[in-house]
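Peer 1: If it helps, the file is called data-v1.csv and holds CSV, C-alpha atoms:
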chain,number,residue,atom,x,y,z
T,101,MET,CA,174.6,82.8,132.3
T,102,THR,CA,171.7,84.9,131.2
T,103,ASN,CA,171.7,86.1,127.7
T,104,THR,CA,171.7,90.0,127.9
T,105,SER,CA,170.0,90.3,124.5
T,106,THR,CA,167.1,88.2,125.7
T,107,ILE,CA,166.7,90.5,128.7
T,108,ALA,CA,166.9,93.5,126.5
T,109,ARG,CA,164.0,92.2,124.4
T,110,GLY,CA,162.0,91.5,127.5
T,111,GLY,CA,162.3,87.8,127.2
T,112,GLY,CA,163.3,87.5,130.9
T,113,ASN,CA,159.7,88.5,131.9
T,114,SER,CA,158.0,86.0,129.6
T,115,PRO,CA,155.7,83.4,131.3
T,116,ALA,CA,156.8,79.9,131.7
T,117,PRO,CA,155.6,77.4,129.1
T,118,GLY,CA,152.0,76.2,129.7
T,119,ARG,CA,151.1,79.2,132.0
T,120,ARG,CA,148.7,82.0,130.9
T,121,ARG,CA,149.4,85.7,131.5
T,122,ARG,CA,146.9,87.2,134.0
T,123,SER,CA,144.6,89.8,132.6
T,124,SER,CA,144.9,93.2,134.3
T,125,ALA,CA,141.1,93.8,133.9
T,126,ARG,CA,138.7,92.8,136.8
T,127,PRO,CA,136.5,89.8,136.1
T,128,ASN,CA,132.9,90.5,135.2
T,129,ARG,CA,130.8,89.7,138.3
T,130,ALA,CA,127.5,90.5,136.8
T,131,SER,CA,124.6,88.1,137.1
T,132,GLY,CA,124.9,87.1,133.5
T,133,LEU,CA,122.3,89.6,132.2
T,134,PRO,CA,122.9,91.2,128.8
T,135,THR,CA,124.2,94.8,129.0
T,136,TRP,CA,121.1,96.2,127.3
T,137,ALA,CA,118.9,94.7,130.0
T,138,VAL,CA,120.7,96.2,133.0
T,139,PRO,CA,118.9,99.7,132.9
T,140,TYR,CA,115.5,98.0,132.6
T,141,VAL,CA,116.3,95.8,135.6
T,142,LEU,CA,117.2,98.8,137.6
T,143,LEU,CA,113.9,100.4,136.8
T,144,VAL,CA,111.9,97.4,138.2
T,145,PRO,CA,111.9,98.7,141.9
T,146,GLY,CA,110.5,102.1,140.8
T,147,LEU,CA,107.9,100.5,138.5
T,148,LEU,CA,106.8,98.2,141.3
T,149,VAL,CA,106.3,101.2,143.6
T,150,ILE,CA,104.3,103.0,140.9
T,151,ALA,CA,102.2,99.9,140.3
T,152,GLY,CA,101.4,99.6,143.9
T,153,LEU,CA,100.6,103.2,144.6
T,154,LEU,CA,99.0,104.2,141.3
T,155,LEU,CA,98.3,101.3,138.9
T,156,TYR,CA,96.6,99.0,141.5
T,157,PRO,CA,94.2,101.7,142.8
T,158,MET,CA,93.4,102.7,139.2
T,159,VAL,CA,92.5,99.2,138.3
T,160,GLN,CA,90.3,98.9,141.5
T,161,LEU,CA,88.6,102.2,140.6
T,162,ALA,CA,87.9,100.9,137.1
T,163,ILE,CA,86.4,97.7,138.4
T,164,MET,CA,84.3,99.6,141.0
T,165,ALA,CA,82.9,101.8,138.2
T,166,PHE,CA,81.0,98.7,137.0
T,167,GLN,CA,79.7,97.7,140.4
T,168,LYS,CA,77.1,98.8,142.9
T,169,VAL,CA,79.1,99.7,146.0
T,170,GLY,CA,77.4,101.4,148.9
T,171,LEU,CA,77.6,101.5,152.7
T,172,ALA,CA,76.6,97.8,153.0
T,173,GLN,CA,79.4,96.7,150.6
T,174,ILE,CA,81.9,98.9,152.5
T,175,ARG,CA,80.9,97.3,155.8
T,176,GLY,CA,81.2,93.9,154.2
T,177,SER,CA,77.7,92.8,155.0
T,178,ARG,CA,76.9,92.4,151.3
T,179,PRO,CA,79.1,91.6,148.3
T,180,ALA,CA,79.5,94.2,145.5
T,181,GLU,CA,77.0,93.7,142.8
T,182,TRP,CA,78.1,93.8,139.1
T,183,VAL,CA,75.9,96.3,137.2
T,184,GLY,CA,77.8,96.7,134.0
T,185,TRP,CA,77.4,100.1,132.3
T,186,ALA,CA,74.5,101.2,134.6
T,187,ASN,CA,76.7,103.7,136.6
T,188,PHE,CA,77.9,105.4,133.4
T,189,GLU,CA,74.4,105.6,132.0
T,190,ARG,CA,73.2,107.1,135.3
T,191,VAL,CA,76.0,109.7,135.3
T,192,LEU,CA,75.7,110.6,131.6
T,193,GLY,CA,71.9,111.0,132.0
T,194,ASN,CA,72.2,113.4,134.9
T,195,GLU,CA,72.1,117.2,134.2
T,196,ILE,CA,74.5,117.8,137.0
T,197,PHE,CA,77.2,115.9,135.2
T,198,TRP,CA,77.0,118.1,132.1
T,199,THR,CA,77.0,121.2,134.3
T,200,ALA,CA,80.0,119.9,136.1
T,201,LEU,CA,81.7,119.1,132.8
T,202,ARG,CA,81.1,122.6,131.5
T,203,ASN,CA,82.4,124.2,134.7
T,204,THR,CA,85.5,121.9,134.6
T,205,ILE,CA,86.4,122.8,131.0
T,206,VAL,CA,85.7,126.5,131.2
T,207,PHE,CA,87.6,126.9,134.4
T,208,ALA,CA,90.5,124.9,133.1
T,209,VAL,CA,90.7,126.9,129.9
T,210,VAL,CA,90.7,130.2,131.8
T,211,ALA,CA,93.0,129.1,134.6
T,212,VAL,CA,95.6,127.5,132.4
T,213,GLY,CA,95.7,130.5,130.0
T,214,LEU,CA,96.0,133.0,132.8
T,215,THR,CA,98.6,130.9,134.7
T,216,LEU,CA,100.8,130.6,131.6
T,217,ILE,CA,100.5,134.3,130.8
T,218,VAL,CA,101.2,135.6,134.3
T,219,GLY,CA,103.9,133.0,134.8
T,220,THR,CA,105.6,133.8,131.5
T,221,ALA,CA,105.5,137.6,132.2
T,222,VAL,CA,107.0,137.1,135.7
T,223,GLY,CA,109.7,134.7,134.3
T,224,VAL,CA,110.7,137.3,131.7
T,225,LEU,CA,110.8,140.0,134.4
T,226,LEU,CA,113.0,137.8,136.6
T,227,ASN,CA,115.4,137.4,133.7
T,228,LYS,CA,115.7,141.1,133.4
T,229,LEU,CA,116.4,141.7,137.1
T,230,GLY,CA,119.7,141.5,138.8
T,231,LYS,CA,120.8,138.4,140.6
T,232,LYS,CA,119.9,139.6,144.1
T,233,MET,CA,116.6,141.1,143.2
T,234,SER,CA,115.7,138.1,141.0
T,235,LEU,CA,116.5,135.7,144.0
T,236,PHE,CA,114.4,137.9,146.3
T,237,VAL,CA,111.3,137.8,143.9
T,238,VAL,CA,111.7,134.1,143.3
T,239,ILE,CA,111.7,133.3,147.0
T,240,GLY,CA,108.6,135.5,147.5
T,241,CYS,CA,106.8,133.8,144.6
T,242,MET,CA,107.7,130.3,145.8
T,243,PHE,CA,106.1,131.0,149.1
T,244,ALA,CA,102.7,131.1,147.3
T,245,TRP,CA,103.5,127.9,145.4
T,246,ALA,CA,104.5,126.1,148.6
T,247,VAL,CA,101.2,126.8,150.3
T,248,PRO,CA,99.1,123.6,150.6
T,249,PRO,CA,95.8,123.6,148.5
T,250,VAL,CA,93.6,123.6,151.6
T,251,ALA,CA,95.4,126.6,153.0
T,252,GLN,CA,95.1,128.3,149.7
T,253,GLY,CA,91.3,127.9,149.9
T,254,VAL,CA,91.2,129.1,153.5
T,255,ILE,CA,93.2,132.3,152.5
T,256,TRP,CA,91.0,133.2,149.6
T,257,ARG,CA,87.8,132.3,151.5
T,258,TRP,CA,88.8,134.8,154.1
T,259,LEU,CA,89.7,137.5,151.5
T,260,PHE,CA,86.3,137.2,149.9
T,261,ASP,CA,84.2,136.5,153.0
T,262,ALA,CA,80.9,138.4,152.9
T,263,ASP,CA,81.1,139.8,156.4
T,264,ALA,CA,84.8,140.1,157.3
T,265,GLY,CA,86.4,139.9,153.9
T,266,VAL,CA,89.2,142.2,152.9
T,267,ILE,CA,87.9,142.5,149.3
T,268,ASN,CA,84.5,144.0,150.3
T,269,TRP,CA,86.2,146.3,152.8
T,270,ALA,CA,88.6,147.6,150.0
T,271,LEU,CA,85.9,148.0,147.5
T,272,ASN,CA,83.9,150.1,149.9
T,273,LEU,CA,86.8,152.4,150.2
T,274,LEU,CA,86.5,153.4,146.6
T,275,PRO,CA,84.7,156.6,145.7
T,276,ASP,CA,81.0,155.9,144.9
T,277,GLY,CA,81.3,157.4,141.5
T,278,LEU,CA,84.4,155.4,140.5
T,279,SER,CA,82.9,152.2,142.0
T,280,THR,CA,79.7,152.7,140.1
T,281,LEU,CA,81.6,153.5,136.9
T,282,LEU,CA,83.7,150.3,137.1
T,283,PHE,CA,81.4,147.8,138.7
T,284,GLY,CA,77.9,149.3,138.4
T,285,ARG,CA,77.4,149.6,142.2
T,286,ALA,CA,78.8,151.5,145.1
T,287,ASP,CA,77.9,149.4,148.2
T,288,TRP,CA,79.8,146.1,148.7
T,289,THR,CA,78.7,145.4,152.2
T,290,ALA,CA,78.0,141.7,152.8
T,291,GLU,CA,78.5,140.8,149.2
T,292,PRO,CA,78.2,137.0,149.0
T,293,TRP,CA,81.0,136.2,146.5
T,294,LEU,CA,81.1,132.5,147.4
T,295,ASN,CA,77.3,131.8,147.1
T,296,ASP,CA,76.9,132.2,143.4
T,297,ALA,CA,78.6,129.7,141.0
T,298,PHE,CA,79.9,132.4,138.6
T,299,THR,CA,81.6,134.6,141.3
T,300,LEU,CA,82.8,131.5,143.1
T,301,TYR,CA,84.7,130.4,140.1
T,302,ILE,CA,86.2,133.9,139.7
T,303,VAL,CA,87.6,133.5,143.2
T,304,LEU,CA,88.8,130.0,142.4
T,305,VAL,CA,90.6,131.3,139.3
T,306,PHE,CA,92.4,133.9,141.4
T,307,CYS,CA,93.3,131.2,143.9
T,308,VAL,CA,94.7,128.7,141.4
T,309,VAL,CA,96.5,131.3,139.3
T,310,TRP,CA,98.1,132.9,142.4
T,311,ALA,CA,99.4,129.5,143.6
T,312,GLY,CA,100.3,128.2,140.1
T,313,PHE,CA,102.2,131.0,138.4
T,314,PRO,CA,105.4,130.7,140.4
T,315,PHE,CA,106.1,127.3,139.0
T,316,ILE,CA,105.6,128.6,135.5
T,317,ALA,CA,107.8,131.6,136.2
T,318,VAL,CA,110.7,129.6,137.5
T,319,SER,CA,110.5,127.1,134.6
T,320,VAL,CA,110.4,129.9,132.1
T,321,LEU,CA,113.3,131.6,133.8
T,322,ALA,CA,115.3,128.4,133.5
T,323,GLY,CA,114.5,128.2,129.8
T,324,LEU,CA,115.5,131.8,129.2
T,325,LYS,CA,118.9,131.2,130.9
T,326,GLY,CA,119.6,128.6,128.2
T,327,ILE,CA,119.0,131.0,125.2
T,328,PRO,CA,122.3,132.4,123.9
T,329,ALA,CA,122.6,136.1,124.5
T,330,GLU,CA,124.0,136.6,121.0
T,331,LEU,CA,120.6,136.1,119.5
T,332,TYR,CA,119.2,139.0,121.5
T,333,GLU,CA,122.1,141.1,120.6
T,334,ALA,CA,121.7,140.4,116.9
T,335,ALA,CA,118.0,141.2,117.2
T,336,ARG,CA,118.8,144.5,119.0
T,337,VAL,CA,121.2,145.4,116.2
T,338,ASP,CA,118.5,144.7,113.6
T,339,GLY,CA,116.2,147.1,115.4
T,340,SER,CA,113.8,144.5,116.6
T,341,GLY,CA,111.4,145.6,119.4
T,342,ALA,CA,110.8,143.7,122.6
T,343,TRP,CA,107.5,142.1,121.5
T,344,ARG,CA,108.9,141.1,118.1
T,345,THR,CA,112.0,139.7,119.8
T,346,PHE,CA,109.8,137.7,122.1
T,347,ARG,CA,107.7,136.3,119.2
T,348,LYS,CA,110.6,135.5,116.9
T,349,ILE,CA,113.3,134.3,119.3
T,350,THR,CA,112.0,133.6,122.9
T,351,LEU,CA,108.7,131.9,122.1
T,352,PRO,CA,110.0,129.4,119.4
T,353,LEU,CA,113.0,128.4,121.6
T,354,LEU,CA,110.8,127.9,124.6
T,355,LYS,CA,108.2,125.8,122.9
T,356,PRO,CA,109.3,122.5,124.5
T,357,VAL,CA,109.1,124.2,127.9
T,358,PHE,CA,105.6,125.6,127.2
T,359,ALA,CA,104.5,122.2,125.9
T,360,VAL,CA,105.4,120.5,129.2
T,361,LEU,CA,104.0,123.3,131.3
T,362,THR,CA,100.7,123.4,129.4
T,363,VAL,CA,100.1,119.6,129.8
T,364,LEU,CA,100.9,119.8,133.5
T,365,SER,CA,98.6,122.8,134.0
T,366,ILE,CA,95.8,121.1,132.2
T,367,ILE,CA,96.1,118.0,134.4
T,368,TRP,CA,96.3,120.0,137.6
T,369,ASP,CA,93.4,122.4,136.8
T,370,PHE,CA,91.1,119.7,135.5
T,371,LYS,CA,91.4,118.0,138.9
T,372,VAL,CA,91.1,120.9,141.2
T,373,PHE,CA,89.2,119.8,144.3
T,374,SER,CA,90.7,121.0,147.6
T,375,GLN,CA,90.4,124.7,146.9
T,376,LEU,CA,86.9,124.4,145.6
T,377,TYR,CA,85.8,122.3,148.5
T,378,VAL,CA,87.1,124.9,151.0
T,379,LEU,CA,85.7,127.9,149.1
T,380,MET,CA,82.3,126.1,148.7
T,381,ASN,CA,82.4,124.9,152.3
T,382,GLY,CA,81.7,121.3,151.1
T,383,PRO,CA,79.7,120.0,148.3
T,384,THR,CA,76.7,122.3,148.9
T,385,ASN,CA,76.1,124.1,145.6
T,386,ARG,CA,75.4,121.6,142.9
T,387,GLU,CA,75.5,124.3,140.2
T,388,ALA,CA,79.2,125.0,141.1
T,389,PHE,CA,80.3,121.4,140.9
T,390,ASN,CA,83.2,120.4,138.8
T,391,LEU,CA,83.8,116.7,138.0
T,392,SER,CA,86.1,116.1,141.0
T,393,MET,CA,83.5,117.6,143.4
T,394,TYR,CA,80.7,115.7,141.7
T,395,SER,CA,82.6,112.5,142.0
T,396,VAL,CA,83.2,113.0,145.8
T,397,ALA,CA,79.6,114.1,146.4
T,398,GLU,CA,78.2,111.0,144.6
T,399,ALA,CA,80.6,108.6,146.4
T,400,PHE,CA,80.4,109.9,150.0
T,401,GLN,CA,77.2,111.9,150.5
T,402,PRO,CA,74.4,109.7,151.9
T,403,PRO,CA,73.3,107.4,150.4
T,404,GLN,CA,76.9,106.5,149.4
T,405,LYS,CA,77.3,105.4,145.8
T,406,LEU,CA,81.0,104.7,145.3
T,407,GLY,CA,80.3,102.9,142.0
T,408,THR,CA,78.8,106.1,140.5
T,409,GLY,CA,81.7,108.2,141.9
T,410,ALA,CA,84.2,105.8,140.4
T,411,ALA,CA,82.5,106.1,137.1
T,412,ILE,CA,82.8,109.9,137.1
T,413,SER,CA,86.5,109.6,138.0
T,414,VAL,CA,87.0,107.1,135.1
T,415,ILE,CA,85.3,109.6,132.7
T,416,LEU,CA,87.5,112.4,134.0
T,417,THR,CA,90.6,110.3,133.5
T,418,ILE,CA,89.6,109.4,129.9
T,419,ILE,CA,89.0,113.1,129.1
T,420,LEU,CA,92.4,114.0,130.5
T,421,LEU,CA,94.1,111.3,128.5
T,422,ILE,CA,92.3,112.4,125.3
T,423,ILE,CA,93.3,116.0,125.7
T,424,THR,CA,96.9,115.2,126.6
T,425,VAL,CA,97.3,112.8,123.7
T,426,VAL,CA,95.8,115.2,121.2
T,427,TYR,CA,97.9,118.1,122.5
T,428,VAL,CA,101.1,116.1,122.4
T,429,ARG,CA,100.4,114.9,118.9
T,430,GLN,CA,99.9,118.5,117.7
T,431,ILE,CA,103.2,119.5,119.2
T,432,VAL,CA,105.0,116.5,117.6
T,433,LYS,CA,103.5,117.4,114.2
T,434,GLN,CA,104.6,121.0,114.5
T,435,GLU,CA,108.1,119.9,115.4
T,436,GLU,CA,108.3,117.6,112.4
T,437,MET,CA,107.0,120.4,110.1
T,438,SER,CA,109.6,122.8,111.4
Show the structure stored in the file as structure tokens.
Peer 2:
Amino acid sequence: MTNTSTIARGGGNSPAPGRRRRSSARPNRASGLPTWAVPYVLLVPGLLVIAGLLLYPMVQLAIMAFQKVGLAQIRGSRPAEWVGWANFERVLGNEIFWTALRNTIVFAVVAVGLTLIVGTAVGVLLNKLGKKMSLFVVIGCMFAWAVPPVAQGVIWRWLFDADAGVINWALNLLPDGLSTLLFGRADWTAEPWLNDAFTLYIVLVFCVVWAGFPFIAVSVLAGLKGIPAELYEAARVDGSGAWRTFRKITLPLLKPVFAVLTVLSIIWDFKVFSQLYVLMNGPTNREAFNLSMYSVAEAFQPPQKLGTGAAISVILTIILLIITVVYVRQIVKQEEMS
């Protein structure tokens, strides 16, 4: 007869002697890797793809920069000849390189600054609008951002065309006195905007800013949505104006956003090629070269000098790395001081 006190204590469900109680947890079926190593193992496929698409071509580019590679080497009739630093010496000793470097830096400074200013202004405006109107403006802006770079160049080349351009037509509609007062001339018929290096880069700045500010605006809008409304209400109670509120509240809180946007804009604008190629109608005007255009012209215009073009690309990559590292270090120092 079963002891009722034993059943009450749960003794009736106790396992038989010599048998273990089964654990309710599932057994670990991992491959024996430590827990800390699992995330890194999961990153391996992505790293392999990046290495195949980016790292391997960059290594090949760096090797080619120290070689003489022309049409014969491309055809395989001759092996590539190792020339050491000769390609870099040839590039740095060419006046076109320094003209292209100046054009690249000046254009990037102007384009990045204007893109950030216009994008921030539009982002603040979007934050003030209602939901429906803000969505409508965002969709309209993103149409410009979604246009491919080659199509951007085609659009702005048509706008500033000397014979059939809309800009010359619109400027000719201005009264002669007003046009002379503003621009120093009244007749804009057949004005060749894209022939001179200075005016060509003005058009390029318009093209890049037009296509780049929507991304800045949407990013700034996302950052503004994360700022507590109580801060603006407190500033309004204290009598702070719009500009003071922006400097004291909005700008400091959006510093991380602006840091990322500035780095991305610098990288993008330093490497502008497609828009300039279309506006220039190919590498025709050497005075208007930037480093990207100079690299392509050296590599693919007869006689082909792929080693020299690779050397220019390596120099451009090093300049971008230096600028990015210096800028990021300054941001980190400011964050530590604050």
Peer 1: Find, counting all atoms listed in the file, the residue in T:Ala290, T:Val183, T:Leu351, T:Val396 that gets nearest to Ala264 of chain T.
Peer 2: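 Using all atoms listed in the file, the shortest distance to Ala264 of chain T belongs to T:Ala290.
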Peer 1: Return as lines of an AutoDock Vina configuration file the centre and edge lengths, in Å with one decimal, of the box along x, y and z that encloses every atom of segment 218-225 of chain T in the file, padded by 3 Å per side.
Peer 2:
center_x = 106.0
center_y = 136.5
center_z = 133.6
size_x = 15.6
size_y = 13.0
size_z = 10.2
Peer 1: Can you tell me which residues surround Val363 of chain T at a distance of at most 9 Å, considering all atoms listed in the file, apart from same-chain residues fewer than 5 positions away, and format the answer as number ranges by chain?
Peer 2: T: 358, 368, 423-424, 427-428
Peer 1: Those same residues - C-alpha atoms - I'd like them written as a PDB file, in the coordinates of the input.
Peer 2:
ATOM      1  CA  PHE T 358     105.600 125.600 127.200  1.00  0.00           C
ATOM      2  CA  TRP T 368      96.300 120.000 137.600  1.00  0.00           C
ATOM      3  CA  ILE T 423      93.300 116.000 125.700  1.00  0.00           C
ATOM      4  CA  THR T 424      96.900 115.200 126.600  1.00  0.00           C
ATOM      5  CA  TYR T 427      97.900 118.100 122.500  1.00  0.00           C
ATOM      6  CA  VAL T 428     101.100 116.100 122.400  1.00  0.00           C
TER       7      VAL T 428
END
Peer 1: Find, counting all atoms listed in the file, the residue in T:Val320, T:Ile255, T:Ala311, T:Ala221 that gets nearest to Ile267 of chain T.
Peer 2: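 Using all atoms listed in the file, the shortest distance to Ile267 of chain T belongs to T:Ile255.
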Peer 1: Mind giving me the straight-line distance from atom CA of Gly223 of chain T to atom CA of Ala322 of chain T in Å, one decimal?
Peer 2: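 Taking atom CA of Gly223 of chain T as the start and atom CA of Ala322 of chain T as the end point, the length is 8.5 Å.
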Peer 1: Please provide the set of residues having any atom within 8 Å of segment 177-182 of chain T, restricted to only C-alpha atoms, with same-chain residues fewer than 2 positions apart removed, written as a PyMOL selection string.
Peer 2: chain T and resi 166-169+172-175+184
Peer 1: Calculated over only C-alpha atoms, which of the candidates T:Thr215, T:Asn295, T:Glu436, T:Ile302 has the smallest distance to Pro314 of chain T?
Peer 2: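 For Pro314 of chain T, the nearest of the given residues is T:Thr215.
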Peer 1: Enter the distance from atom CA of Val206 of chain T to atom CA of Phe260 of chain T, in Å, rounded to one decimal.
Peer 2: 21.6 Å
Peer 1: Which residue out of T:Val378, T:Ile163, T:Leu154, T:Val224 has the minimum interatomic distance to Trp343 of chain T when only C-alpha atoms are used?
Peer 2: T:Val224
Peer 1: One decimal, in Å: what's the spacing between atom CA of Thr350 of chain T and atom CA of Leu331 of chain T?
Peer 2: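 According to the coordinates, atom CA of Thr350 of chain T and atom CA of Leu331 of chain T are separated by 9.6 Å.
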Peer 1: Determine the nearest neighbour of Val360 of chain T from the options T:Phe315, T:Trp258, T:Phe373, T:Tyr332, counting all atoms listed in the file.
Peer 2: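 Under the stated criterion, the closest residue is T:Phe315.
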Peer 1: At a cut-off of 12 Å, using all atoms listed in the file, what residues contact Thr299 of chain T? Leave out same-chain residues fewer than 6 positions from it and give the result as a list of chain:residue names.
Peer 2: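 Those residues are T:Phe207, T:Phe260, T:Glu291, T:Pro292, T:Trp293, T:Val305, T:Phe306, T:Leu379, T:Met380, T:Ala388.
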Peer 1: Would you put the residues from that selection into a file with C-alpha atoms, as a short mmCIF file (atom, residue, chain, number, x, y, z; two decimals), in the frame of the given file?
Peer 2:
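Saved the output as result-v4.cif:
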data_model
loop_
_atom_site.label_atom_id
_atom_site.label_comp_id
_atom_site.auth_asym_id
_atom_site.auth_seq_id
_atom_site.Cartn_x
_atom_site.Cartn_y
_atom_site.Cartn_z
CA PHE T 207 87.60 126.90 134.40
CA PHE T 260 86.30 137.20 149.90
CA GLU T 291 78.50 140.80 149.20
CA PRO T 292 78.20 137.00 149.00
CA TRP T 293 81.00 136.20 146.50
CA VAL T 305 90.60 131.30 139.30
CA PHE T 306 92.40 133.90 141.40
CA LEU T 379 85.70 127.90 149.10
CA MET T 380 82.30 126.10 148.70
CA ALA T 388 79.20 125.00 141.10
#
Peer 1: Between T:Gly339, T:Gly323, T:Gly219, T:Gly265, which is the closest to Pro352 of chain T once you count all atoms listed in the file?
Peer 2: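 The closest residue to Pro352 of chain T is T:Gly323.
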Peer 1: Got a sec: who's within 8 Å of Val212 of chain T, counting only C-alpha atoms, leaving out chain neighbours fewer than 5 positions off, as a list in words?
Peer 2: Val309, Thr362, Ser365, Ile366 and Asp369 of chain T
Peer 1: Now that the selection is made, can you save its residues with C-alpha atoms as a compact mmCIF listing (two decimals), in the frame of the given file?
Peer 2:
# COMPACT_ATOMS: atom_id res chain seq x y z
CA VAL T 309 96.50 131.30 139.30
CA THR T 362 100.70 123.40 129.40
CA SER T 365 98.60 122.80 134.00
CA ILE T 366 95.80 121.10 132.20
CA ASP T 369 93.40 122.40 136.80
Peer 1: Residues at most 9 Å from Gly382 of chain T, counting all atoms listed in the file, excluding those fewer than 4 positions away in the same chain, as a list of chain:residue names?
Peer 2: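 Surrounding residues, per the criterion: T:Leu376, T:Tyr377, T:Val378, T:Met393, T:Ala397.
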